[in-house]
>>> print(open('work32.cif').read())   # mmCIF, C-alpha atoms
data_entry
#
loop_
_atom_site.group_PDB
_atom_site.id
_atom_site.type_symbol
_atom_site.label_atom_id
_atom_site.label_comp_id
_atom_site.auth_asym_id
_atom_site.auth_seq_id
_atom_site.Cartn_x
_atom_site.Cartn_y
_atom_site.Cartn_z
ATOM 1 C CA MET A 1 83.597 169.526 105.983
ATOM 2 C CA GLY A 2 84.224 166.158 104.400
ATOM 3 C CA GLU A 3 83.031 163.102 106.239
ATOM 4 C CA ALA A 4 85.739 160.727 107.559
ATOM 5 C CA LYS A 5 85.405 157.502 105.542
ATOM 6 C CA TYR A 6 87.897 155.432 107.516
ATOM 7 C CA LYS A 7 87.965 154.449 111.190
ATOM 8 C CA VAL A 8 90.809 154.186 113.655
ATOM 9 C CA GLY A 9 92.389 150.742 113.297
ATOM 10 C CA GLU A 10 91.218 150.311 109.715
ATOM 11 C CA LYS A 11 93.678 149.262 107.005
ATOM 12 C CA VAL A 12 94.161 151.770 104.198
ATOM 13 C CA ARG A 13 96.347 151.976 101.123
ATOM 14 C CA VAL A 14 97.996 155.165 99.894
ATOM 15 C CA MET A 15 97.242 155.777 96.239
ATOM 16 C CA LYS A 16 100.091 155.146 93.862
ATOM 17 C CA ALA A 17 99.697 158.270 91.812
ATOM 18 C CA TYR A 18 102.071 160.959 90.683
ATOM 19 C CA PRO A 19 100.096 164.102 89.921
ATOM 20 C CA PRO A 20 102.015 167.353 89.546
ATOM 21 C CA GLY A 21 101.663 170.180 92.059
ATOM 22 C CA HIS A 22 102.060 170.836 95.762
ATOM 23 C CA ILE A 23 101.501 167.357 97.217
ATOM 24 C CA ARG A 24 101.864 166.564 100.923
ATOM 25 C CA THR A 25 101.979 162.798 100.405
ATOM 26 C CA PRO A 26 105.637 161.736 100.328
ATOM 27 C CA PHE A 27 106.710 159.635 97.345
ATOM 28 C CA TYR A 28 108.162 156.887 99.516
ATOM 29 C CA ILE A 29 104.806 155.988 101.030
ATOM 30 C CA ARG A 30 102.687 155.896 97.868
ATOM 31 C CA GLY A 31 101.299 152.443 97.180
ATOM 32 C CA HIS A 32 101.888 151.221 100.755
ATOM 33 C CA THR A 33 99.319 149.886 103.191
ATOM 34 C CA GLY A 34 99.053 151.007 106.803
ATOM 35 C CA THR A 35 96.620 151.341 109.686
ATOM 36 C CA VAL A 36 94.713 154.459 110.732
ATOM 37 C CA GLU A 37 96.216 155.608 114.054
ATOM 38 C CA ARG A 38 93.988 158.646 114.580
ATOM 39 C CA ILE A 39 91.809 161.116 112.743
ATOM 40 C CA CYS A 40 93.252 164.616 113.023
ATOM 41 C CA GLY A 41 90.217 166.573 111.871
ATOM 42 C CA ALA A 42 89.588 168.127 108.473
ATOM 43 C CA PHE A 43 91.680 170.762 106.752
ATOM 44 C CA PRO A 44 91.493 172.699 103.498
ATOM 45 C CA ASN A 45 93.171 170.681 100.758
ATOM 46 C CA PRO A 46 96.767 171.996 100.501
ATOM 47 C CA GLU A 47 96.956 171.011 96.831
ATOM 48 C CA GLU A 48 94.130 173.473 96.163
ATOM 49 C CA LEU A 49 95.441 176.140 98.551
ATOM 50 C CA ALA A 50 98.735 176.119 96.643
ATOM 51 C CA GLN A 51 96.751 177.111 93.538
ATOM 52 C CA MET A 52 95.207 180.062 95.414
ATOM 53 C CA ARG A 53 91.824 178.303 95.676
ATOM 54 C CA ASP A 54 89.921 177.835 98.950
ATOM 55 C CA GLY A 55 90.615 174.099 99.332
ATOM 56 C CA LEU A 56 87.030 173.415 100.389
ATOM 57 C CA PRO A 57 85.361 171.155 101.306
ATOM 58 C CA ALA A 58 87.965 170.421 103.970
ATOM 59 C CA GLN A 59 89.612 167.025 103.608
ATOM 60 C CA PRO A 60 89.704 164.646 106.573
ATOM 61 C CA LEU A 61 93.309 164.126 107.643
ATOM 62 C CA TYR A 62 94.538 160.811 109.078
ATOM 63 C CA ARG A 63 97.659 159.701 110.827
ATOM 64 C CA VAL A 64 98.498 156.375 109.283
ATOM 65 C CA ARG A 65 100.966 153.932 110.819
ATOM 66 C CA PHE A 66 103.149 151.823 108.517
ATOM 67 C CA ARG A 67 105.510 149.002 109.394
ATOM 68 C CA GLN A 68 109.031 149.952 108.430
ATOM 69 C CA LYS A 69 109.589 146.428 107.049
ATOM 70 C CA ASP A 70 106.657 146.970 104.654
ATOM 71 C CA VAL A 71 107.918 150.347 103.506
ATOM 72 C CA TRP A 72 111.581 149.366 103.117
ATOM 73 C CA PRO A 73 111.981 145.623 102.429
ATOM 74 C CA ASP A 74 115.659 145.824 103.431
ATOM 75 C CA TYR A 75 114.961 147.742 106.656
ATOM 76 C CA GLN A 76 117.689 146.935 109.154
ATOM 77 C CA GLY A 77 115.762 147.349 112.431
ATOM 78 C CA PRO A 78 113.305 145.138 114.352
ATOM 79 C CA GLU A 79 109.891 144.093 113.011
ATOM 80 C CA ALA A 80 108.046 146.378 115.434
ATOM 81 C CA ASP A 81 109.487 149.673 114.123
ATOM 82 C CA VAL A 82 106.977 151.978 112.454
ATOM 83 C CA VAL A 83 106.667 155.268 110.636
ATOM 84 C CA GLU A 84 103.571 157.442 111.065
ATOM 85 C CA ILE A 85 102.503 159.930 108.422
ATOM 86 C CA GLU A 86 99.658 162.375 107.955
ATOM 87 C CA ILE A 87 97.691 161.538 104.832
ATOM 88 C CA TYR A 88 94.629 163.306 103.438
ATOM 89 C CA GLN A 89 91.562 161.205 102.736
ATOM 90 C CA HIS A 90 91.608 161.731 98.970
ATOM 91 C CA TRP A 91 94.983 159.943 98.901
ATOM 92 C CA LEU A 92 93.653 156.852 100.651
ATOM 93 C CA GLU A 93 91.804 153.845 99.310
ATOM 94 C CA PRO A 94 90.337 150.799 101.057
ATOM 95 C CA THR A 95 92.375 147.599 100.979
ATOM 96 C CA MET B 1 135.170 177.653 96.930
ATOM 97 C CA ALA B 2 136.941 180.835 98.009
ATOM 98 C CA LYS B 3 136.571 181.624 101.681
ATOM 99 C CA PRO B 4 134.526 184.810 102.186
ATOM 100 C CA GLU B 5 136.625 187.530 103.747
ATOM 101 C CA LEU B 6 135.239 188.618 107.056
ATOM 102 C CA GLY B 7 134.253 192.248 107.289
ATOM 103 C CA LYS B 8 134.228 192.685 103.528
ATOM 104 C CA TYR B 9 131.105 193.380 101.515
ATOM 105 C CA GLN B 10 129.352 190.218 100.379
ATOM 106 C CA PRO B 11 126.783 190.359 97.599
ATOM 107 C CA LEU B 12 123.269 189.296 98.604
ATOM 108 C CA SER B 13 122.174 185.795 97.717
ATOM 109 C CA TYR B 14 119.055 185.222 95.643
ATOM 110 C CA PHE B 15 116.783 184.671 98.644
ATOM 111 C CA GLN B 16 118.305 187.508 100.675
ATOM 112 C CA LEU B 17 117.611 189.843 97.791
ATOM 113 C CA MET B 18 114.059 188.553 97.496
ATOM 114 C CA GLU B 19 113.501 189.088 101.226
ATOM 115 C CA VAL B 20 114.768 192.669 101.099
ATOM 116 C CA SER B 21 112.670 193.448 98.020
ATOM 117 C CA LEU B 22 109.501 191.999 99.524
ATOM 118 C CA ARG B 23 110.050 193.740 102.870
ATOM 119 C CA GLU B 24 110.642 197.107 101.225
ATOM 120 C CA LEU B 25 107.568 196.694 99.052
ATOM 121 C CA LEU B 26 105.355 195.820 102.024
ATOM 122 C CA VAL B 27 106.551 198.938 103.849
ATOM 123 C CA GLU B 28 106.285 201.130 100.753
ATOM 124 C CA LYS B 29 102.694 200.013 100.164
ATOM 125 C CA GLY B 30 101.836 200.768 103.771
ATOM 126 C CA LEU B 31 100.875 197.161 104.598
ATOM 127 C CA LEU B 32 103.449 196.862 107.391
ATOM 128 C CA THR B 33 105.835 199.158 109.178
ATOM 129 C CA GLU B 34 109.541 198.535 109.801
ATOM 130 C CA GLN B 35 108.723 198.502 113.520
ATOM 131 C CA GLN B 36 106.134 195.753 113.100
ATOM 132 C CA ILE B 37 108.555 193.608 111.134
ATOM 133 C CA GLN B 38 111.294 194.148 113.700
ATOM 134 C CA ALA B 39 108.896 193.308 116.540
ATOM 135 C CA GLU B 40 107.912 190.051 114.851
ATOM 136 C CA VAL B 41 111.549 189.086 114.293
ATOM 137 C CA GLU B 42 112.241 189.746 117.972
ATOM 138 C CA ASN B 43 109.174 187.720 118.884
ATOM 139 C CA MET B 44 110.385 184.770 116.805
ATOM 140 C CA ARG B 45 113.846 184.969 118.341
ATOM 141 C CA GLY B 46 112.263 185.103 121.794
ATOM 142 C CA ARG B 47 110.724 181.655 121.377
ATOM 143 C CA THR B 48 113.178 179.132 122.699
ATOM 144 C CA PRO B 49 113.058 175.444 123.637
ATOM 145 C CA GLU B 50 112.493 176.565 127.228
ATOM 146 C CA ARG B 51 108.836 176.885 126.313
ATOM 147 C CA GLY B 52 108.662 173.222 125.371
ATOM 148 C CA ALA B 53 110.697 172.246 128.432
ATOM 149 C CA LYS B 54 108.143 173.963 130.658
ATOM 150 C CA VAL B 55 105.373 171.825 129.132
ATOM 151 C CA VAL B 56 107.386 168.614 129.548
ATOM 152 C CA ALA B 57 108.337 169.333 133.169
ATOM 153 C CA HIS B 58 104.730 170.111 134.047
ATOM 154 C CA ALA B 59 103.586 166.844 132.458
ATOM 155 C CA TRP B 60 106.204 164.954 134.483
ATOM 156 C CA VAL B 61 104.882 166.209 137.823
ATOM 157 C CA ASP B 62 101.162 166.259 137.037
ATOM 158 C CA PRO B 63 99.719 162.998 135.637
ATOM 159 C CA ALA B 64 96.307 164.556 134.959
ATOM 160 C CA TYR B 65 97.976 167.304 132.929
ATOM 161 C CA LYS B 66 100.011 164.698 131.055
ATOM 162 C CA LYS B 67 96.811 162.932 130.083
ATOM 163 C CA ARG B 68 95.310 166.172 128.757
ATOM 164 C CA LEU B 69 98.542 166.987 126.934
ATOM 165 C CA LEU B 70 98.536 163.658 125.108
ATOM 166 C CA GLU B 71 94.857 164.076 124.238
ATOM 167 C CA ASN B 72 95.038 167.646 122.986
ATOM 168 C CA GLY B 73 98.474 169.244 122.901
ATOM 169 C CA THR B 74 97.302 172.668 121.777
ATOM 170 C CA LYS B 75 94.748 173.079 124.573
ATOM 171 C CA ALA B 76 97.173 171.812 127.198
ATOM 172 C CA CYS B 77 99.785 174.394 126.140
ATOM 173 C CA GLU B 78 97.213 177.145 126.416
ATOM 174 C CA GLU B 79 96.533 176.014 129.969
ATOM 175 C CA LEU B 80 100.130 176.940 130.811
ATOM 176 C CA GLY B 81 99.656 180.364 129.286
ATOM 177 C CA LEU B 82 101.649 179.389 126.201
ATOM 178 C CA ASP B 83 99.998 180.977 123.262
ATOM 179 C CA VAL B 84 100.380 178.603 120.340
ATOM 180 C CA PRO B 85 98.285 180.047 117.509
ATOM 181 C CA ALA B 86 97.959 177.913 114.419
ATOM 182 C CA LEU B 87 99.783 175.078 116.112
ATOM 183 C CA LYS B 88 97.918 171.800 116.095
ATOM 184 C CA LEU B 89 100.115 169.979 118.481
ATOM 185 C CA VAL B 90 100.387 166.212 118.806
ATOM 186 C CA VAL B 91 102.484 165.132 121.785
ATOM 187 C CA VAL B 92 103.941 161.630 121.604
ATOM 188 C CA GLU B 93 105.172 159.928 124.739
ATOM 189 C CA ASN B 94 108.400 157.995 125.128
ATOM 190 C CA THR B 95 108.158 154.931 127.344
ATOM 191 C CA PRO B 96 110.540 152.089 128.165
ATOM 192 C CA GLN B 97 108.945 150.265 125.183
ATOM 193 C CA VAL B 98 108.587 153.095 122.638
ATOM 194 C CA HIS B 99 110.942 155.787 121.388
ATOM 195 C CA ASN B 100 109.497 158.569 119.228
ATOM 196 C CA VAL B 101 111.372 160.838 116.863
ATOM 197 C CA ILE B 102 110.201 163.684 114.639
ATOM 198 C CA VAL B 103 111.170 164.526 111.072
ATOM 199 C CA CYS B 104 109.624 166.400 108.183
ATOM 200 C CA THR B 105 110.716 164.671 104.997
ATOM 201 C CA LEU B 106 108.968 167.143 102.688
ATOM 202 C CA CYS B 107 110.293 170.394 104.116
ATOM 203 C CA SER B 108 111.064 171.382 107.703
ATOM 204 C CA CYS B 109 107.795 171.515 109.680
ATOM 205 C CA TYR B 110 108.717 172.066 113.298
ATOM 206 C CA PRO B 111 106.858 173.187 116.460
ATOM 207 C CA ARG B 112 108.434 176.639 116.396
ATOM 208 C CA MET B 113 106.005 178.021 118.945
ATOM 209 C CA LEU B 114 107.476 175.631 121.502
ATOM 210 C CA LEU B 115 111.013 175.003 120.289
ATOM 211 C CA GLY B 116 111.929 178.218 118.480
ATOM 212 C CA ILE B 117 113.954 178.233 115.291
ATOM 213 C CA PRO B 118 114.875 174.715 114.112
ATOM 214 C CA PRO B 119 118.521 173.640 114.081
ATOM 215 C CA ASP B 120 120.157 173.527 110.641
ATOM 216 C CA TRP B 121 120.548 169.762 110.686
ATOM 217 C CA TYR B 122 116.781 169.353 111.070
ATOM 218 C CA LYS B 123 116.367 171.004 107.673
ATOM 219 C CA SER B 124 119.234 169.131 106.033
ATOM 220 C CA ARG B 125 118.530 166.681 103.241
ATOM 221 C CA ALA B 126 120.562 164.022 105.043
ATOM 222 C CA TYR B 127 118.463 164.121 108.226
ATOM 223 C CA ARG B 128 115.176 164.341 106.348
ATOM 224 C CA SER B 129 115.858 161.417 104.051
ATOM 225 C CA ARG B 130 117.768 159.160 106.409
ATOM 226 C CA MET B 131 115.593 159.478 109.522
ATOM 227 C CA VAL B 132 112.694 157.625 107.879
ATOM 228 C CA ARG B 133 114.941 155.121 106.137
ATOM 229 C CA GLU B 134 117.414 154.158 108.873
ATOM 230 C CA PRO B 135 116.278 155.835 112.101
ATOM 231 C CA ARG B 136 118.368 153.647 114.398
ATOM 232 C CA GLY B 137 121.536 154.457 112.499
ATOM 233 C CA VAL B 138 120.850 158.187 112.618
ATOM 234 C CA LEU B 139 119.977 158.067 116.327
ATOM 235 C CA ALA B 140 123.233 156.230 116.992
ATOM 236 C CA GLU B 141 125.071 159.061 115.256
ATOM 237 C CA PHE B 142 123.373 161.440 117.702
ATOM 238 C CA GLY B 143 124.749 159.218 120.468
ATOM 239 C CA LEU B 144 121.532 157.378 121.207
ATOM 240 C CA GLN B 145 121.814 153.587 121.047
ATOM 241 C CA LEU B 146 118.425 151.919 121.375
ATOM 242 C CA LYS B 147 117.904 148.284 122.267
ATOM 243 C CA ASP B 148 116.014 146.112 119.781
ATOM 244 C CA GLU B 149 113.191 145.657 122.329
ATOM 245 C CA VAL B 150 112.408 149.363 122.095
ATOM 246 C CA GLN B 151 110.058 150.164 119.221
ATOM 247 C CA VAL B 152 111.129 153.160 117.150
ATOM 248 C CA ARG B 153 108.256 155.331 115.946
ATOM 249 C CA VAL B 154 109.236 157.885 113.357
ATOM 250 C CA HIS B 155 106.735 160.704 112.894
ATOM 251 C CA ASP B 156 106.862 162.296 109.471
ATOM 252 C CA SER B 157 105.317 165.729 109.903
ATOM 253 C CA THR B 158 103.811 166.097 106.449
ATOM 254 C CA ALA B 159 100.666 168.170 106.843
ATOM 255 C CA ASP B 160 98.838 170.284 109.426
ATOM 256 C CA MET B 161 99.996 168.751 112.710
ATOM 257 C CA ARG B 162 103.165 169.586 114.602
ATOM 258 C CA TYR B 163 104.851 167.115 116.930
ATOM 259 C CA LEU B 164 106.598 167.234 120.256
ATOM 260 C CA VAL B 165 108.203 164.274 121.982
ATOM 261 C CA LEU B 166 107.455 163.894 125.669
ATOM 262 C CA PRO B 167 110.693 162.285 126.844
ATOM 263 C CA MET B 168 110.932 159.982 129.849
ATOM 264 C CA ARG B 169 111.646 161.615 133.174
ATOM 265 C CA PRO B 170 115.210 160.772 134.213
ATOM 266 C CA ALA B 171 115.634 158.497 137.209
ATOM 267 C CA GLY B 172 116.931 160.133 140.345
ATOM 268 C CA THR B 173 114.792 163.258 140.030
ATOM 269 C CA GLU B 174 112.150 162.331 142.604
ATOM 270 C CA GLY B 175 110.805 165.349 144.429
ATOM 271 C CA TRP B 176 112.439 167.850 142.065
ATOM 272 C CA SER B 177 110.687 171.141 141.342
ATOM 273 C CA GLU B 178 109.312 171.776 137.862
ATOM 274 C CA GLU B 179 111.907 174.460 137.305
ATOM 275 C CA ARG B 180 114.768 172.141 138.128
ATOM 276 C CA LEU B 181 113.278 169.390 135.958
ATOM 277 C CA ALA B 182 112.794 171.761 133.030
ATOM 278 C CA ALA B 183 116.532 172.473 133.032
ATOM 279 C CA LEU B 184 117.131 168.810 132.115
ATOM 280 C CA VAL B 185 114.858 168.940 129.064
ATOM 281 C CA THR B 186 116.897 169.694 125.962
ATOM 282 C CA ARG B 187 115.639 170.746 122.560
ATOM 283 C CA ASP B 188 116.978 167.537 121.023
ATOM 284 C CA SER B 189 115.160 165.386 123.573
ATOM 285 C CA MET B 190 111.869 166.984 122.446
ATOM 286 C CA ILE B 191 112.683 166.236 118.780
ATOM 287 C CA GLY B 192 113.546 162.701 119.864
ATOM 288 C CA VAL B 193 117.181 162.486 118.777
ATOM 289 C CA SER B 194 118.373 162.331 122.377
ATOM 290 C CA VAL B 195 117.132 161.926 125.935
ATOM 291 C CA PRO B 196 117.043 164.525 128.738
ATOM 292 C CA LYS B 197 120.196 165.306 130.673
ATOM 293 C CA SER B 198 121.031 163.089 133.634
ATOM 294 C CA PRO B 199 120.581 164.603 137.063
ATOM 295 C CA GLY B 200 124.305 164.956 137.645
ATOM 296 C CA LYS B 201 125.690 166.890 140.567
ATOM 297 C CA ASN B 202 125.700 170.116 138.557
ATOM 298 C CA ALA B 203 122.037 169.906 137.617
#
>>> encode(input="work32.cif", output="structure tokens")
Amino acid sequence: MGEAKYKVGEKVRVMKAYPPGHIRTPFYIRGHTGTVERICGAFPNPEELAQMRDGLPAQPLYRVRFRQKDVWPDYQGPEADVVEIEIYQHWLEPT
Amino acid sequence: MAKPELGKYQPLSYFQLMEVSLRELLVEKGLLTEQQIQAEVENMRGRTPERGAKVVAHAWVDPAYKKRLLENGTKACEELGLDVPALKLVVVENTPQVHNVIVCTLCSCYPRMLLGIPPDWYKSRAYRSRMVREPRGVLAEFGLQLKDEVQVRVHDSTADMRYLVLPMRPAGTEGWSEERLAALVTRDSMIGVSVPKSPGKNA
């Protein structure tokens, strides 16, 4: 099982990459910075599973919280609104 | 588009045909029996939002259970005898300051073990794309107007977790039994697009 590199409360950036395949990182969040809300455990990499491989070592999975105003500059709601997304460690980089 | 005539033969769609072909092959190869497939379909149909409502009502009356539910949703469901295999459940709590709502922008991940088969709108492109982009507007369309002081937390269910909203217990339900409380908990209130029913005189 992969070791969790990031801690709860730490700032992380989602990689801005566009590889082909079965990717569980939504396009709209790539390149954005958020804060680790919790660590969900480690799971076989779905990008590998989709290719009929075992997906091991398991990838730590984080729930990352993003401010809506950061994600959508023209967001119509209050500053405090957030969106939380599960992101695998190999999609995250330190800020 | 021509309206399909009721009672008349309709050709199978692409995915219906694929389902029939796969099912017949599985039976033919002896991997499954028709009875097993039928039993599983019945099992899936048997899961209804009442399962989720039972969890919510129990959390409302038992603060220690609520704490365990928020810490580890899967384990807490098992405590109630709800078998939730393969469901890694994260329960998010609504408070006077925070409103949670669930969406899966990539496909249609949904806590089926607790809420049954998802409604069609949950899988629609409009809900999936708009809920992350303009949640307050979409909630208003569901009839839920939130004040600006309430933080909206959208949960995009993108990977291995499944989410359930723990709605706020309606006022005026003091001393109610769990069963009576559970009847107020709607499917939509556990997705986060509405709140539980009010304890009207019919409740």
>>> closest_residue(input="work32.cif", among="A:Val36, A:Arg30, A:Arg53, A:Arg24", to="chain B", atoms="only C-alpha atoms")
A:Arg24
>>> closest_atom_pairs(input="work32.cif", of="segment 14-130 of chain B", to="segment 154-171 of chain B", cutoff="7 Å", atoms="all atoms listed in the file", output="CSV")
residue,atom,partner,partner_atom,distance
B:Val56,CA,B:Leu166,CA,6.1
B:Trp60,CA,B:Arg169,CA,6.5
B:Leu87,CA,B:Arg162,CA,6.6
B:Lys88,CA,B:Met161,CA,5.0
B:Leu89,CA,B:Arg162,CA,5.0
B:Val90,CA,B:Tyr163,CA,4.9
B:Val91,CA,B:Leu164,CA,4.9
B:Val92,CA,B:Val165,CA,5.0
B:Glu93,CA,B:Leu166,CA,4.7
B:Asn94,CA,B:Pro167,CA,5.2
B:Thr95,CA,B:Met168,CA,6.3
B:Asn100,CA,B:Val154,CA,5.9
B:Val101,CA,B:Val154,CA,5.1
B:Ile102,CA,B:His155,CA,4.9
B:Val103,CA,B:Asp156,CA,5.1
B:Cys104,CA,B:Ser157,CA,4.7
B:Thr105,CA,B:Asp156,CA,6.4
B:Leu106,CA,B:Thr158,CA,6.5
B:Cys109,CA,B:Ser157,CA,6.3
B:Tyr110,CA,B:Arg162,CA,6.2
B:Pro111,CA,B:Arg162,CA,5.5
>>> resolve_selection(input="work32.cif", expression="the PyMOL selection byres ((chain B and resi 116-118) around 6)", output="PyMOL selection string")
chain B and resi 47-49+112-115+119
>>> closest_atom_pairs(input="work32.cif", of="chain A", to="chain B", cutoff="8 Å", atoms="all atoms listed in the file", output="Markdown table")
| residue | atom | partner | partner_atom | distance |
| --- | --- | --- | --- | --- |
| A:Arg24 | CA | B:Thr158 | CA | 5.9 |
| A:Thr25 | CA | B:Thr158 | CA | 7.1 |
| A:Pro26 | CA | B:Leu106 | CA | 6.8 |
| A:Cys40 | CA | B:Met161 | CA | 7.9 |
| A:Phe43 | CA | B:Asp160 | CA | 7.7 |
| A:Trp72 | CA | B:Arg133 | CA | 7.3 |
| A:Tyr75 | CA | B:Glu134 | CA | 7.2 |
| A:Gln76 | CA | B:Glu134 | CA | 7.2 |
| A:Gly77 | CA | B:Arg136 | CA | 7.1 |
| A:Pro78 | CA | B:Asp148 | CA | 6.1 |
| A:Ala80 | CA | B:Gln151 | CA | 5.7 |
| A:Asp81 | CA | B:Val152 | CA | 4.9 |
| A:Val82 | CA | B:Arg153 | CA | 5.0 |
| A:Val83 | CA | B:Val154 | CA | 4.6 |
| A:Glu84 | CA | B:His155 | CA | 4.9 |
| A:Ile85 | CA | B:Asp156 | CA | 5.1 |
| A:Glu86 | CA | B:Thr158 | CA | 5.8 |
| A:Ile87 | CA | B:Ala159 | CA | 7.5 |
>>> atom_distance(input="work32.cif", atom1="atom CA of Val64 of chain A", atom2="atom CA of Lys7 of chain A")
10.9 Å
>>> decode(input="work32.cif", residues="segment 11-85 of chain A", atoms="C-alpha atoms", output="mmCIF file, in the first residue's frame")
data_model
loop_
_atom_site.group_PDB
_atom_site.id
_atom_site.type_symbol
_atom_site.label_atom_id
_atom_site.label_comp_id
_atom_site.auth_asym_id
_atom_site.auth_seq_id
_atom_site.Cartn_x
_atom_site.Cartn_y
_atom_site.Cartn_z
ATOM 1 C CA LYS A 11 -2.570 22.504 0.494
ATOM 2 C CA VAL A 12 -2.313 20.433 -2.675
ATOM 3 C CA ARG A 13 -2.609 21.135 -6.376
ATOM 4 C CA VAL A 14 -4.294 18.809 -8.856
ATOM 5 C CA MET A 15 -2.037 18.076 -11.800
ATOM 6 C CA LYS A 16 -2.967 19.778 -15.026
ATOM 7 C CA ALA A 17 -2.563 16.790 -17.269
ATOM 8 C CA TYR A 18 -4.736 15.191 -19.889
ATOM 9 C CA PRO A 19 -3.701 11.568 -20.300
ATOM 10 C CA PRO A 20 -6.052 9.256 -22.176
ATOM 11 C CA GLY A 21 -7.879 6.420 -20.431
ATOM 12 C CA HIS A 22 -10.253 5.841 -17.545
ATOM 13 C CA ILE A 23 -9.478 8.829 -15.307
ATOM 14 C CA ARG A 24 -11.389 9.585 -12.102
ATOM 15 C CA THR A 25 -10.086 13.147 -11.820
ATOM 16 C CA PRO A 26 -12.694 15.474 -13.337
ATOM 17 C CA PHE A 27 -11.435 17.912 -15.970
ATOM 18 C CA TYR A 28 -12.871 20.932 -14.183
ATOM 19 C CA ILE A 29 -10.635 20.496 -11.154
ATOM 20 C CA ARG A 30 -7.305 19.904 -12.903
ATOM 21 C CA GLY A 31 -4.792 22.631 -12.146
ATOM 22 C CA HIS A 32 -6.691 23.873 -9.068
ATOM 23 C CA THR A 33 -5.425 24.102 -5.510
ATOM 24 C CA GLY A 34 -7.356 22.851 -2.497
ATOM 25 C CA THR A 35 -6.927 21.562 1.038
ATOM 26 C CA VAL A 36 -6.846 17.932 2.165
ATOM 27 C CA GLU A 37 -10.075 17.310 4.113
ATOM 28 C CA ARG A 38 -9.449 13.654 4.954
ATOM 29 C CA ILE A 39 -7.508 10.616 3.847
ATOM 30 C CA CYS A 40 -9.875 7.879 2.702
ATOM 31 C CA GLY A 41 -7.427 4.984 2.684
ATOM 32 C CA ALA A 42 -5.685 3.414 -0.290
ATOM 33 C CA PHE A 43 -7.315 1.779 -3.283
ATOM 34 C CA PRO A 44 -6.118 0.008 -6.415
ATOM 35 C CA ASN A 45 -5.499 2.584 -9.132
ATOM 36 C CA PRO A 46 -8.684 2.682 -11.270
ATOM 37 C CA GLU A 47 -6.701 3.780 -14.326
ATOM 38 C CA GLU A 48 -4.818 0.478 -14.125
ATOM 39 C CA LEU A 49 -7.882 -1.598 -13.213
ATOM 40 C CA ALA A 50 -9.592 -0.316 -16.363
ATOM 41 C CA GLN A 51 -6.728 -1.869 -18.349
ATOM 42 C CA MET A 52 -7.306 -5.236 -16.635
ATOM 43 C CA ARG A 53 -4.162 -4.843 -14.497
ATOM 44 C CA ASP A 54 -4.116 -5.204 -10.699
ATOM 45 C CA GLY A 55 -3.743 -1.486 -9.908
ATOM 46 C CA LEU A 56 -1.157 -2.192 -7.215
ATOM 47 C CA PRO A 57 0.420 -0.728 -5.189
ATOM 48 C CA ALA A 58 -2.805 0.825 -3.921
ATOM 49 C CA GLN A 59 -2.935 4.597 -4.281
ATOM 50 C CA PRO A 60 -3.776 6.753 -1.264
ATOM 51 C CA LEU A 61 -7.079 8.521 -1.876
ATOM 52 C CA TYR A 62 -7.793 12.010 -0.506
ATOM 53 C CA ARG A 63 -10.866 14.129 -0.189
ATOM 54 C CA VAL A 64 -9.769 17.577 -1.216
ATOM 55 C CA ARG A 65 -11.802 20.704 -0.506
ATOM 56 C CA PHE A 66 -11.784 23.535 -3.056
ATOM 57 C CA ARG A 67 -13.286 26.995 -2.788
ATOM 58 C CA GLN A 68 -15.946 27.427 -5.428
ATOM 59 C CA LYS A 69 -14.643 30.953 -6.144
ATOM 60 C CA ASP A 70 -11.229 29.451 -6.989
ATOM 61 C CA VAL A 71 -12.696 26.805 -9.261
ATOM 62 C CA TRP A 72 -15.177 29.068 -11.066
ATOM 63 C CA PRO A 73 -14.026 32.718 -11.065
ATOM 64 C CA ASP A 74 -17.572 33.843 -11.920
ATOM 65 C CA TYR A 75 -19.201 31.704 -9.210
ATOM 66 C CA GLN A 76 -22.421 33.375 -8.127
ATOM 67 C CA GLY A 77 -22.624 32.185 -4.499
ATOM 68 C CA PRO A 78 -20.926 33.285 -1.256
ATOM 69 C CA GLU A 79 -17.169 33.051 -0.640
ATOM 70 C CA ALA A 80 -17.576 30.177 1.824
ATOM 71 C CA ASP A 81 -19.083 27.678 -0.653
ATOM 72 C CA VAL A 82 -16.907 24.668 -1.430
ATOM 73 C CA VAL A 83 -16.739 21.550 -3.545
ATOM 74 C CA GLU A 84 -15.099 18.383 -2.213
ATOM 75 C CA ILE A 85 -13.660 15.759 -4.529
#
